[in-house]
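Q: Here it is, the structure, as structure tokens.
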Amino acid sequence: MTSRQEAPDILILSSLNPIERNGKLISPKLNDRVLEYEPFVPYMWSEFLETETGSLEAESKARKLSEFYLLKIALQLQNMPVDTELLIERFNQASIELYGRTDPVEAASIANTELIELNNNLTDDSVIAIYKKIANNKNEKNESLDSSVFDELRSAFFEKFSGIVDIIQRLPDGPYSPEAIRKIFEDILGDLSIKEKSWLEWNITNSLDNTMLNVVPEMKEIDVPDGRQDVEDKRKLLGLVFHEIIIHAQRAVNGYELNDELMYRGLPTYLDFEEGLGVMSEYLVTGVIPDKIRDRYIDIALATGVVDGFLLGRQELIEFGIKREKARALTRGKTLNIEDTHKMVNDHVNRIFRGGTGEAIRDENGKIVLQAVFTKDIVYYTGFISARNYIKHQLLLGTPSNKLINFLLSGKFDPTNSSHLEYLKNKHSIKL
């Protein structure tokens with residue numbers, strides 16, 4: 001066995017990377033990952049018990065154990081011939097403890113926003129019916145972004161990363177395949193390394209069997225697998241670059257510069273804000289909040305039954321998602337590529353059920369009683385609300401945009417968490 005200091009990180013997202021086989025979801029890497037991590041569990045417990053009670057280090061070590069526990073349950077689910085209620089309940093609870101649960105009030109708010117766009121157009125009635133079920137027929141609208149508040153910050157982002165913007169602007173029109181994205185990302189890392197040599201240590205990879213782009217700070221890798229979908233145009237590509245490279249990877253690079261494991265791996269519970277910051281960066285550089293941010297939240301609400309016990313299974317969610325994309329295309333006067341749409345929706349829904357088999361336990365009438373749901377993707381929406389409100393507050397206080405950007409990118413932390421702010425100030429003299 002390797003030494004305690006070499007214990008591997010719990011790479012939970014790349015471990016739960018599902019493919020469909022005989023109608024069930026499996027994660028091909030899961031068994032090997034659990035076997036790899038298992039011998040180190042006593043060491044992980046020792047590290048946790050040696051930390052100061054209530055400290056960020058203790059919380060971080062506890063979270064690592066929770067992540068392994070989730071993977072262990074997922075492997076049991078994958079190996080069972082039939083899903084059991086007990087394992088599913090344990091999986092769902094572990095997922096909620098790590099990533100949280102959806103709020104029916106928030107789900108209703110999102111549904112109302114969707115209805116405003118779709119309800120007065122010739123769209124599929126079943127899409128409208130589901131959104132009305134969630135919205136409870138309320139006619140409310142989400143708080144406006146008031147985009148003018150962010151104009152100076154937007155300009156500061158473009159100026160600070162002008163080299164990246166130039167690279168994107170010089171590209172031919174899309175779509176961009178995973179192979180093309182890898183080449184573009186390599187060019188961007190080359191541009192970033194001119195000013196920051198640390199970027200020379202990072203690599204663009206192509207993992208087999210993966211369908212999702214993934215930034216792995218521990219390995220200094222950005223994985224762009226052939227299994228992920230193409231990026232449609234320059235606007236969406238620019239948003240992807242800022243979300244993945246400028247937010248996820250740049251925060252890790254700056255955390256490494258501090259020689260602080262927690263700042264490049266992430267302080268406990270940092271993820272919600274970081275994913276939200278990634279979405280906020282997409283909004284700043286493209287002017288659009290991706291549909292998938294709301295879709296992930298609302299679809300996890302549908303899969304977990306938080307709205308009056310109203311549940312949809314995996315196949316039902318896929319059908320709903322395809323109809324929703326058709327309704328949007330009709331509303332917006334666009335033409336869909338049906339094959340691409342089916343792949344996009346399948347990948348999106350499979351993310352929600354990763355770690356489980358994607359099969360539901362049903363009663364004698366065929367009604368869903370319980371199913372395993374991975375709730376991580378709600379953090380894109382909840383984190384966006386948090387990041388938007390925090391940034392808006394700082395800008396209204398008069399915080400200079402460049403100072404705010406540098407602060408937010410200084411490592412993987414949540415500036416709305418007072419413990420995180422205290423840690424940055426006391427250990428690194430970093431403050432806004």
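Each chain in the structure tokens gets a letter, A, B and so on, in the order shown; residues start at 1 in every chain, and ligands are counted from 1 in the order they appear.
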I want to know what sits within 9 Å of His248 in chain A, based on only C-alpha atoms, with residues of the same chain fewer than 6 positions away left out; could you give that as a list in words?

A: Val215, Val216, Pro217, Phe242, Glu274, Glu275, Gly278, Leu409 and Lys412 of chain A

Q: Would you export the selected residues with N, CA and C atoms as an mmCIF file, in the first residue's frame, please?

A:
```cif
data_model
loop_
_atom_site.group_PDB
_atom_site.id
_atom_site.type_symbol
_atom_site.label_atom_id
_atom_site.label_comp_id
_atom_site.auth_asym_id
_atom_site.auth_seq_id
_atom_site.Cartn_x
_atom_site.Cartn_y
_atom_site.Cartn_z
ATOM 1 N N VAL A 215 -13.285 19.373 -14.678
ATOM 2 C CA VAL A 215 -12.022 19.953 -14.227
ATOM 3 C C VAL A 215 -11.593 19.195 -12.973
ATOM 4 N N VAL A 216 -10.375 18.658 -12.995
ATOM 5 C CA VAL A 216 -9.860 17.857 -11.876
ATOM 6 C C VAL A 216 -8.646 18.570 -11.295
ATOM 7 N N PRO A 217 -8.851 19.459 -10.301
ATOM 8 C CA PRO A 217 -7.731 20.238 -9.757
ATOM 9 C C PRO A 217 -6.602 19.377 -9.209
ATOM 10 N N PHE A 242 -15.226 30.307 -19.923
ATOM 11 C CA PHE A 242 -15.171 31.090 -18.688
ATOM 12 C C PHE A 242 -15.604 30.253 -17.485
ATOM 13 N N GLU A 274 -19.147 28.153 -6.133
ATOM 14 C CA GLU A 274 -18.274 28.112 -7.310
ATOM 15 C C GLU A 274 -19.048 27.775 -8.582
ATOM 16 N N GLU A 275 -19.949 26.807 -8.506
ATOM 17 C CA GLU A 275 -20.760 26.510 -9.698
ATOM 18 C C GLU A 275 -21.625 27.718 -10.050
ATOM 19 N N GLY A 278 -19.553 30.177 -11.738
ATOM 20 C CA GLY A 278 -19.353 29.767 -13.125
ATOM 21 C C GLY A 278 -20.519 30.167 -14.008
ATOM 22 N N LEU A 409 -11.389 34.958 -7.490
ATOM 23 C CA LEU A 409 -10.586 33.932 -8.160
ATOM 24 C C LEU A 409 -9.384 33.485 -7.330
ATOM 25 N N LYS A 412 -10.541 28.342 -3.996
ATOM 26 C CA LYS A 412 -11.856 27.702 -4.000
ATOM 27 C C LYS A 412 -12.515 27.878 -2.627
#
```

Q: Counting only C-alpha atoms, figure out which residue out of A:Val253, A:Leu65, A:Leu284, A:Ile385 gets nearest to Phe150 in chain A.

A: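 Among the listed residues, the smallest separation from Phe150 in chain A belongs to A:Leu284.
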
Q: Using only C-alpha atoms, can you tell me which of A:Gly356, A:Pro225, A:Gly163, A:Gly383 comes closest to Asp209 in chain A?

A: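 Going through A:Gly356, A:Pro225, A:Gly163, A:Gly383 one by one, the smallest distance to Asp209 in chain A is for A:Pro225.
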
Q: Taking the backbone alone, and naming residues the way the document does, which bits of range 172-331 of chain A are helix (DSSP H, G or I) by DSSP, as a ChimeraX atom specification?

A: /A:178-195,197-201,234-257,261-265,271-286,291-304,314-331

Q: Glu282 in chain A: which residues within 12 Å, counting only C-alpha atoms, same-chain residues fewer than 6 positions away excluded, as a list of chain:residue names?

A: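 Once the nearby chain positions are removed, what remains is A:Arg154, A:Phe157, A:Phe158, A:Arg235, A:Lys236, A:Leu237, A:Leu238, A:Gly239, A:Leu240, A:Val241, A:Phe242, A:His243, A:Glu244, A:Ile245, A:Ile246, A:Ile247, A:Glu275, A:Gly276, A:Val288, A:Ile289, A:Pro290, A:Asp291, A:Ile293, A:Tyr380, A:Phe384, A:Arg388.
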
Q: So, counting only C-alpha atoms, which residue among A:Thr331, A:Asn426, A:Thr269, A:Asn337 is closest to Glu59 in chain A?

A: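 Among A:Thr331, A:Asn426, A:Thr269, A:Asn337, it is A:Thr269 that comes nearest to Glu59 in chain A.
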
Q: Which residues are near range 338-351 of chain A? Cut-off 7 Å, only C-alpha atoms, ignore same chain within fewer than 5 positions. Put them as JSON, numbers by chain.

A: {"A": [18, 229, 314, 317, 318, 321, 322]}

Q: List the neighbours of Lys64 in chain A out to 9 Å using only C-alpha atoms; skip same-chain residues closer than 4 positions along the sequence, and give me the result as a list in words.

A: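 Surrounding residues, per the criterion: Asp9, Ile10, Met44, Glu59, Ser60, Phe68 and Tyr69 of chain A.
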
Q: Tell me, as an MDAnalysis selection string, which residues lie within 10 Å of Glu106 in chain A, counting only C-alpha atoms; anything in the same chain fewer than 4 positions away does not count.

A: chainID A and resid 102 110:112 134:135 142 297:298 301 381:382

Q: Keeping only N, CA and C atoms, write the selected residues to a file as a compact mmCIF listing (two decimals), in the first residue's frame.

A:
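Wrote part.txt, looks like this:
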```
# COMPACT_ATOMS: atom_id res chain seq x y z
N THR A 102 -33.94 20.09 -3.31
CA THR A 102 -34.70 21.15 -3.96
C THR A 102 -35.78 21.69 -3.03
N ILE A 110 -39.28 28.90 -10.64
CA ILE A 110 -38.70 28.58 -11.95
C ILE A 110 -39.79 28.21 -12.94
N ALA A 111 -40.76 27.41 -12.48
CA ALA A 111 -41.85 27.01 -13.37
C ALA A 111 -42.65 28.21 -13.86
N ASN A 112 -42.87 29.18 -12.98
CA ASN A 112 -43.57 30.40 -13.40
C ASN A 112 -42.80 31.16 -14.47
N ILE A 134 -46.31 22.19 -11.10
CA ILE A 134 -45.24 22.63 -10.20
C ILE A 134 -45.52 24.04 -9.68
N ALA A 135 -45.98 24.91 -10.60
CA ALA A 135 -46.17 26.31 -10.24
C ALA A 135 -47.40 26.54 -9.38
N ASN A 142 -39.76 35.73 -11.48
CA ASN A 142 -38.52 35.84 -10.71
C ASN A 142 -38.00 37.27 -10.72
N TYR A 297 -32.44 22.04 -11.97
CA TYR A 297 -33.13 22.20 -10.69
C TYR A 297 -34.55 21.64 -10.77
N ILE A 298 -35.29 22.05 -11.79
CA ILE A 298 -36.69 21.65 -11.88
C ILE A 298 -36.82 20.15 -12.10
N ALA A 301 -36.26 18.30 -8.95
CA ALA A 301 -37.50 18.43 -8.16
C ALA A 301 -38.53 17.41 -8.63
N TYR A 381 -28.02 26.17 -9.92
CA TYR A 381 -29.06 27.20 -9.76
C TYR A 381 -28.95 27.89 -8.41
N THR A 382 -28.87 27.11 -7.32
CA THR A 382 -28.80 27.72 -5.98
C THR A 382 -27.53 28.56 -5.84
```

Q: Would you please work out which residue, of A:Val224, A:Leu397, A:Ala360, A:Leu56, is nearest to Leu421 in chain A when using only C-alpha atoms?

A: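 Among the listed residues, A:Leu56 lies closest to Leu421 in chain A.
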
Q: Please list as a PyMOL selection string every residue within 9 Å of Pro178 in chain A, counting only C-alpha atoms and excluding residues in the same chain fewer than 4 positions away.

A: chain A and resi 182-183+206+224-231

Q: Since we have the selection now, will you write its residues out, keeping N, CA and C atoms, as a CSV table (one decimal), in the first residue's frame?

A:
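Okay, again_23.csv is ready:
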```csv
chain,number,residue,atom,x,y,z
A,182,ARG,N,-10.9,20.5,-27.4
A,182,ARG,CA,-9.6,20.2,-26.7
A,182,ARG,C,-8.5,21.1,-27.3
A,183,LYS,N,-8.5,21.2,-28.6
A,183,LYS,CA,-7.5,22.1,-29.3
A,183,LYS,C,-7.6,23.5,-28.9
A,206,ASN,N,-8.7,13.3,-22.5
A,206,ASN,CA,-9.9,12.7,-23.2
A,206,ASN,C,-10.1,11.3,-22.6
A,224,VAL,N,-12.0,16.7,-21.5
A,224,VAL,CA,-13.0,17.0,-22.5
A,224,VAL,C,-13.2,15.7,-23.3
A,225,PRO,N,-14.1,14.8,-22.9
A,225,PRO,CA,-14.2,13.5,-23.5
A,225,PRO,C,-14.9,13.5,-24.8
A,226,ASP,N,-14.6,12.6,-25.7
A,226,ASP,CA,-15.3,12.5,-27.0
A,226,ASP,C,-16.8,12.2,-26.8
A,227,GLY,N,-17.2,11.7,-25.6
A,227,GLY,CA,-18.6,11.4,-25.4
A,227,GLY,C,-19.4,12.6,-25.1
A,228,ARG,N,-18.9,13.8,-24.8
A,228,ARG,CA,-19.7,14.9,-24.6
A,228,ARG,C,-20.2,15.5,-25.9
A,229,GLN,N,-21.3,16.3,-25.8
A,229,GLN,CA,-21.9,16.8,-27.0
A,229,GLN,C,-21.1,18.0,-27.5
A,230,ASP,N,-21.4,18.3,-28.8
A,230,ASP,CA,-20.7,19.4,-29.4
A,230,ASP,C,-21.2,20.7,-28.8
A,231,VAL,N,-20.4,21.8,-29.0
A,231,VAL,CA,-20.9,23.1,-28.5
A,231,VAL,C,-21.3,23.8,-29.8
```

Q: Of the residues A:Thr335, A:Ser401, A:Ser147, A:Asn259, which is the one nearest to His428 in chain A, using only C-alpha atoms?

A: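 Of A:Thr335, A:Ser401, A:Ser147, A:Asn259, the one nearest His428 in chain A is A:Asn259, counting only C-alpha atoms.
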
Q: Using only C-alpha atoms, which residue out of A:Val149, A:Ala249, A:Glu67, A:Ala94 lies closest to Phe185 in chain A?

A: A:Ala249

Q: Please indicate the distance in Å from CA of Glu201 in chain A to CA of Glu257 in chain A, rounded to one decimal place.

A: 12.3 Å
